[in-house]
$ cat entry08.pdb   # PDB, C-alpha atoms
ATOM      1  CA  MET A   1     -56.006  40.911  -9.302
ATOM      2  CA  LYS A   2     -54.878  39.158 -12.462
ATOM      3  CA  THR A   3     -54.299  35.378 -12.149
ATOM      4  CA  LYS A   4     -52.918  32.609 -14.298
ATOM      5  CA  ALA A   5     -52.873  28.781 -14.186
ATOM      6  CA  CYS A   6     -49.463  27.100 -14.033
ATOM      7  CA  THR A   7     -49.111  24.476 -16.763
ATOM      8  CA  LYS A   8     -46.902  22.362 -14.503
ATOM      9  CA  CYS A   9     -48.672  22.230 -11.111
ATOM     10  CA  LYS A  10     -52.084  23.324 -12.535
ATOM     11  CA  GLU A  11     -52.632  25.794  -9.679
ATOM     12  CA  VAL A  12     -54.114  29.211 -10.329
ATOM     13  CA  LYS A  13     -51.757  31.824  -8.921
ATOM     14  CA  PRO A  14     -51.355  35.605  -8.955
ATOM     15  CA  PHE A  15     -49.739  36.922 -12.130
ATOM     16  CA  ASN A  16     -46.629  38.157 -10.255
ATOM     17  CA  GLU A  17     -45.751  34.554  -9.282
ATOM     18  CA  PHE A  18     -44.727  33.877 -12.884
ATOM     19  CA  CYS A  19     -41.409  34.984 -14.401
ATOM     20  CA  GLU A  20     -41.451  37.737 -16.991
ATOM     21  CA  ARG A  21     -41.050  36.426 -20.541
ATOM     22  CA  SER A  22     -41.298  38.981 -23.332
ATOM     23  CA  GLU A  23     -41.787  36.332 -26.029
ATOM     24  CA  LYS A  24     -45.009  35.099 -24.363
ATOM     25  CA  LYS A  25     -48.305  36.684 -25.363
ATOM     26  CA  ASP A  26     -49.173  37.771 -21.831
ATOM     27  CA  GLY A  27     -45.509  38.584 -20.944
ATOM     28  CA  ARG A  28     -45.198  35.823 -18.320
ATOM     29  CA  SER A  29     -43.828  32.248 -18.316
ATOM     30  CA  SER A  30     -46.213  29.296 -18.432
ATOM     31  CA  HIS A  31     -44.740  27.750 -15.250
ATOM     32  CA  CYS A  32     -44.916  29.449 -11.858
ATOM     33  CA  LYS A  33     -41.687  30.473 -10.081
ATOM     34  CA  VAL A  34     -42.049  27.590  -7.594
ATOM     35  CA  CYS A  35     -42.220  24.985 -10.378
ATOM     36  CA  VAL A  36     -39.346  26.619 -12.291
ATOM     37  CA  LYS A  37     -37.159  26.565  -9.151
ATOM     38  CA  ALA A  38     -38.073  22.931  -8.425
ATOM     39  CA  HIS A  39     -37.187  21.983 -12.003
ATOM     40  CA  TYR A  40     -33.895  23.912 -11.816
ATOM     41  CA  ASP A  41     -32.975  22.314  -8.467
ATOM     42  CA  ALA A  42     -33.768  18.820  -9.777
ATOM     43  CA  HIS A  43     -31.679  19.446 -12.895
ATOM     44  CA  LYS A  44     -28.804  20.818 -10.807
ATOM     45  CA  GLU A  45     -28.844  17.719  -8.568
ATOM     46  CA  LEU A  46     -28.996  15.407 -11.592
ATOM     47  CA  MET A  47     -25.939  17.108 -13.101
ATOM     48  CA  ALA A  48     -24.088  16.897  -9.768
ATOM     49  CA  ASP A  49     -24.863  13.160  -9.621
ATOM     50  CA  LYS A  50     -23.532  12.737 -13.155
ATOM     51  CA  ARG A  51     -20.325  14.619 -12.252
ATOM     52  CA  ARG A  52     -19.858  12.485  -9.127
ATOM     53  CA  ALA A  53     -20.388   9.275 -11.120
ATOM     54  CA  TRP A  54     -17.943  10.459 -13.796
ATOM     55  CA  ARG A  55     -15.280  11.313 -11.194
ATOM     56  CA  LYS A  56     -15.654   7.868  -9.593
ATOM     57  CA  LYS A  57     -14.807   6.270 -12.942
ATOM     58  CA  LYS A  58     -11.510   8.177 -13.196
ATOM     59  CA  PRO A  59      -8.457   7.334 -11.069
ATOM     60  CA  PRO A  60      -7.022  10.198  -8.974
ATOM     61  CA  GLU A  61      -3.958  10.318 -11.229
ATOM     62  CA  TYR A  62      -6.249  11.414 -14.081
ATOM     63  CA  PHE A  63      -6.962  14.704 -12.326
ATOM     64  CA  VAL A  64      -3.243  15.254 -11.678
ATOM     65  CA  TRP A  65      -2.620  14.675 -15.401
ATOM     66  CA  GLN A  66      -5.453  17.027 -16.328
ATOM     67  CA  SER A  67      -4.103  19.789 -14.044
ATOM     68  CA  MET A  68      -0.576  19.324 -15.392
ATOM     69  CA  ARG A  69      -1.862  19.785 -18.945
ATOM     70  CA  ALA A  70      -3.862  22.883 -18.004
ATOM     71  CA  ARG A  71      -0.849  24.534 -16.322
ATOM     72  CA  CYS A  72       1.232  24.044 -19.463
ATOM     73  CA  SER A  73      -1.261  24.728 -22.239
ATOM     74  CA  ASN A  74      -4.110  26.929 -21.005
ATOM     75  CA  PRO A  75      -3.221  30.645 -20.818
ATOM     76  CA  ASN A  76      -6.336  31.157 -18.658
ATOM     77  CA  ASN A  77      -4.994  28.794 -15.966
ATOM     78  CA  LYS A  78      -3.833  30.798 -12.940
ATOM     79  CA  TYR A  79      -0.490  28.923 -12.885
ATOM     80  CA  PHE A  80       0.204  29.147 -16.636
ATOM     81  CA  SER A  81       2.850  31.873 -16.184
ATOM     82  CA  ARG A  82       4.919  29.510 -13.989
ATOM     83  CA  TYR A  83       4.674  26.604 -16.433
ATOM     84  CA  GLY A  84       3.564  27.014 -20.060
ATOM     85  CA  GLY A  85       4.267  30.735 -19.896
ATOM     86  CA  ARG A  86       7.937  30.077 -19.209
ATOM     87  CA  GLY A  87       8.258  27.322 -21.792
ATOM     88  CA  ILE A  88       7.538  24.173 -19.767
ATOM     89  CA  THR A  89       5.917  21.609 -22.068
ATOM     90  CA  ILE A  90       4.592  18.064 -21.844
ATOM     91  CA  CYS A  91       6.094  15.311 -23.979
ATOM     92  CA  PRO A  92       3.798  14.280 -26.874
ATOM     93  CA  GLU A  93       3.442  10.729 -25.491
ATOM     94  CA  TRP A  94       1.665  12.160 -22.462
ATOM     95  CA  ASP A  95      -1.169  13.531 -24.584
ATOM     96  CA  SER A  96      -2.595  10.134 -23.658
ATOM     97  CA  PHE A  97      -3.520   9.618 -20.008
ATOM     98  CA  ASP A  98      -2.891   5.873 -20.368
ATOM     99  CA  GLN A  99       0.730   6.484 -21.411
ATOM    100  CA  PHE A 100       1.223   9.014 -18.601
ATOM    101  CA  PHE A 101      -0.086   6.488 -16.058
ATOM    102  CA  LYS A 102       2.060   3.710 -17.534
ATOM    103  CA  ASP A 103       5.181   5.890 -17.201
ATOM    104  CA  VAL A 104       4.662   7.349 -13.703
ATOM    105  CA  GLY A 105       2.505   4.654 -12.086
ATOM    106  CA  PRO A 106      -0.003   5.162  -9.276
ATOM    107  CA  ARG A 107       0.456   7.826  -6.619
ATOM    108  CA  LEU A 108       1.942   6.481  -3.402
ATOM    109  CA  THR A 109      -0.584   8.396  -1.270
ATOM    110  CA  SER A 110      -3.339  10.908  -1.922
ATOM    111  CA  VAL A 111      -1.024  13.797  -0.991
ATOM    112  CA  HIS A 112       1.689  12.950  -3.533
ATOM    113  CA  GLN A 113       2.100  15.397  -6.418
ATOM    114  CA  ILE A 114       3.744  15.128  -9.816
ATOM    115  CA  ASP A 115       7.160  16.772  -9.550
ATOM    116  CA  ARG A 116       9.773  17.644 -12.165
ATOM    117  CA  ILE A 117      13.254  16.650 -11.006
ATOM    118  CA  ASP A 118      14.809  19.472 -13.046
ATOM    119  CA  ASN A 119      12.548  22.420 -12.284
ATOM    120  CA  ASP A 120      13.421  24.032 -15.621
ATOM    121  CA  GLY A 121      12.854  20.787 -17.544
ATOM    122  CA  ASN A 122       9.683  19.574 -19.213
ATOM    123  CA  TYR A 123       7.107  17.049 -18.078
ATOM    124  CA  GLU A 124       8.518  13.797 -19.470
ATOM    125  CA  PRO A 125       9.197  10.303 -18.091
ATOM    126  CA  LYS A 126      12.869  10.867 -17.217
ATOM    127  CA  ASN A 127      12.169  14.171 -15.444
ATOM    128  CA  CYS A 128       9.057  13.345 -13.376
ATOM    129  CA  ARG A 129       8.328  11.562 -10.121
ATOM    130  CA  TRP A 130       5.702  11.470  -7.370
ATOM    131  CA  SER A 131       6.741  13.562  -4.361
ATOM    132  CA  THR A 132       5.227  14.910  -1.181
ATOM    133  CA  PRO A 133       4.323  18.621  -1.011
ATOM    134  CA  ALA A 134       7.336  19.225   1.256
ATOM    135  CA  GLU A 135       9.704  17.593  -1.244
ATOM    136  CA  ASN A 136       8.060  19.435  -4.109
ATOM    137  CA  VAL A 137       8.413  22.894  -2.533
ATOM    138  CA  HIS A 138      12.151  22.342  -2.007
ATOM    139  CA  ASN A 139      12.434  21.663  -5.733
ATOM    140  CA  SER A 140      10.450  24.754  -6.822
ATOM    141  CA  SER A 141      11.865  27.867  -8.449
ATOM    142  CA  ALA A 142      10.660  29.849  -5.411
ATOM    143  CA  CYS A 143      13.041  27.935  -3.137
ATOM    144  CA  ARG A 144      16.227  29.885  -2.552
ATOM    145  CA  LEU A 145      18.248  27.170  -0.830
ATOM    146  CA  THR A 146      20.017  24.046  -2.020
ATOM    147  CA  TRP A 147      20.681  20.961   0.063
ATOM    148  CA  ASN A 148      24.352  21.979   0.322
ATOM    149  CA  GLU A 149      23.340  25.364   1.756
ATOM    150  CA  VAL A 150      21.024  23.678   4.239
ATOM    151  CA  GLU A 151      23.911  21.522   5.438
ATOM    152  CA  LEU A 152      26.103  24.633   5.748
ATOM    153  CA  ILE A 153      23.403  26.368   7.806
ATOM    154  CA  ARG A 154      23.204  23.375  10.152
ATOM    155  CA  ASN A 155      26.990  23.179  10.420
ATOM    156  CA  TYR A 156      27.274  26.896  11.267
ATOM    157  CA  TRP A 157      24.545  26.551  13.888
ATOM    158  CA  GLU A 158      25.882  23.349  15.475
ATOM    159  CA  SER A 159      29.472  24.620  15.601
ATOM    160  CA  GLY A 160      28.338  27.857  17.264
ATOM    161  CA  ASP A 161      30.441  29.882  14.802
ATOM    162  CA  MET A 162      27.523  32.071  13.765
ATOM    163  CA  MET A 163      24.394  33.388  15.426
ATOM    164  CA  GLN A 164      20.967  32.703  13.925
ATOM    165  CA  ARG A 165      20.614  36.327  12.795
ATOM    166  CA  ASP A 166      24.012  36.211  11.015
ATOM    167  CA  ILE A 167      23.205  32.919   9.275
ATOM    168  CA  ALA A 168      19.895  34.382   8.077
ATOM    169  CA  THR A 169      21.656  37.463   6.716
ATOM    170  CA  ARG A 170      24.329  35.407   4.957
ATOM    171  CA  PHE A 171      21.783  33.179   3.169
ATOM    172  CA  ASN A 172      19.196  35.960   2.680
ATOM    173  CA  ILE A 173      16.455  34.096   4.556
ATOM    174  CA  ALA A 174      14.339  34.837   7.609
ATOM    175  CA  PRO A 175      15.728  33.928  11.068
ATOM    176  CA  CYS A 176      12.681  31.721  11.661
ATOM    177  CA  THR A 177      13.673  29.714   8.545
ATOM    178  CA  VAL A 178      17.118  29.126  10.073
ATOM    179  CA  SER A 179      15.452  27.964  13.279
ATOM    180  CA  SER A 180      13.154  25.617  11.354
ATOM    181  CA  ILE A 181      16.060  24.137   9.390
ATOM    182  CA  CYS A 182      18.265  23.661  12.465
ATOM    183  CA  ALA A 183      15.431  22.015  14.411
ATOM    184  CA  TYR A 184      14.784  19.693  11.428
ATOM    185  CA  ARG A 185      11.212  20.925  11.095
ATOM    186  CA  SER A 186      11.949  21.654   7.446
ATOM    187  CA  TRP A 187      14.457  20.170   5.004
ATOM    188  CA  ARG A 188      14.365  16.838   6.824
ATOM    189  CA  THR A 189      15.544  14.412   4.152
ATOM    190  CA  ALA A 190      17.837  14.746   1.175
TER     191      ALA A 190
END

$ encode --input "entry08.pdb" --output "structure tokens"
Amino acid sequence: MKTKACTKCKEVKPFNEFCERSEKKDGRSSHCKVCVKAHYDAHKELMADKRRAWRKKKPPEYFVWQSMRARCSNPNNKYFSRYGGRGITICPEWDSFDQFFKDVGPRLTSVHQIDRIDNDGNYEPKNCRWSTPAENVHNSSACRLTWNEVELIRNYWESGDMMQRDIATRFNIAPCTVSSICAYRSWRTA
């Protein structure tokens, strides 16, 4: 059985415990697989520590800003088609995180998101605010209802003029959505 000494741990091990390396004279690496894995794991942990330390230095709003920029400018971003792909841009002043933070201020809570008041408008100081996910979804292009329609739905329901199924048909929504609106589980505040 052919053996080789590891240059890292100095142990003599069977030849098959070394990685194949065509550029080496004997076709095997100089470190055994155990030492290579230990080195890789240590490097991986060191890099993770560096990433954690870097993230601690940045405020949470920085990552919101970074995501906003990616959605609008990176065609490889999974949300690009909903933002940059349909012409949504970011004002030039917000190329700087410091200016962005100065304009929008700190998030109220960790769940608050950056929201455009006019869903077809750009990311700029007059069109952006911090909002909760529930507020944000009501302002999205996927939302089919307006606040006026929500009030109409509640009025129809409370007056007893229309049944849930009929209201759903009229507004082209699911009956369970009507139920949720009328019970104030969704669309709670204007």

$ resolve_selection --input "entry08.pdb" --expression "the PyMOL selection byres ((chain A and resi 82) around 12)" --output "short mmCIF file (atom, residue, chain, number, x, y, z; two decimals) with C-alpha atoms, in the coordinates of the input"
data_model
loop_
_atom_site.label_atom_id
_atom_site.label_comp_id
_atom_site.auth_asym_id
_atom_site.auth_seq_id
_atom_site.Cartn_x
_atom_site.Cartn_y
_atom_site.Cartn_z
CA MET A 68 -0.58 19.32 -15.39
CA ALA A 70 -3.86 22.88 -18.00
CA ARG A 71 -0.85 24.53 -16.32
CA CYS A 72 1.23 24.04 -19.46
CA SER A 73 -1.26 24.73 -22.24
CA ASN A 74 -4.11 26.93 -21.00
CA PRO A 75 -3.22 30.64 -20.82
CA ASN A 77 -4.99 28.79 -15.97
CA LYS A 78 -3.83 30.80 -12.94
CA TYR A 79 -0.49 28.92 -12.88
CA PHE A 80 0.20 29.15 -16.64
CA SER A 81 2.85 31.87 -16.18
CA TYR A 83 4.67 26.60 -16.43
CA GLY A 84 3.56 27.01 -20.06
CA GLY A 85 4.27 30.74 -19.90
CA ARG A 86 7.94 30.08 -19.21
CA GLY A 87 8.26 27.32 -21.79
CA ILE A 88 7.54 24.17 -19.77
CA THR A 89 5.92 21.61 -22.07
CA ASN A 119 12.55 22.42 -12.28
CA ASP A 120 13.42 24.03 -15.62
CA SER A 140 10.45 24.75 -6.82
CA SER A 141 11.86 27.87 -8.45
CA ALA A 142 10.66 29.85 -5.41
#

$ closest_residue --input "entry08.pdb" --among "A:Lys8, A:Thr3, A:Asn16, A:Ile181" --to "Ala38 of chain A" --atoms "only C-alpha atoms"
A:Lys8

$ residues_around --input "entry08.pdb" --residues "Cys91 of chain A" --least-positions-apart "4" --cutoff "10 Å" --atoms "only C-alpha atoms" --output "PyMOL selection string"
chain A and resi 95+100+122-125

$ resolve_selection --input "entry08.pdb" --expression "the PyMOL selection byres ((chain A and resi 114) around 7)" --output "ChimeraX atom specification"
/A:112-113,115-116,128-131

$ closest_residue --input "entry08.pdb" --among "A:Thr7, A:Arg154, A:Lys33, A:Ala53" --to "Cys19 of chain A" --atoms "all atoms listed in the file"
A:Lys33

$ resolve_selection --input "entry08.pdb" --expression "the PyMOL selection byres ((chain A and resi 36) around 12)" --output "count of residues only"
21

$ atom_distance --input "entry08.pdb" --atom1 "atom CA of Arg28 of chain A" --atom2 "atom CA of Lys4 of chain A"
9.3 Å
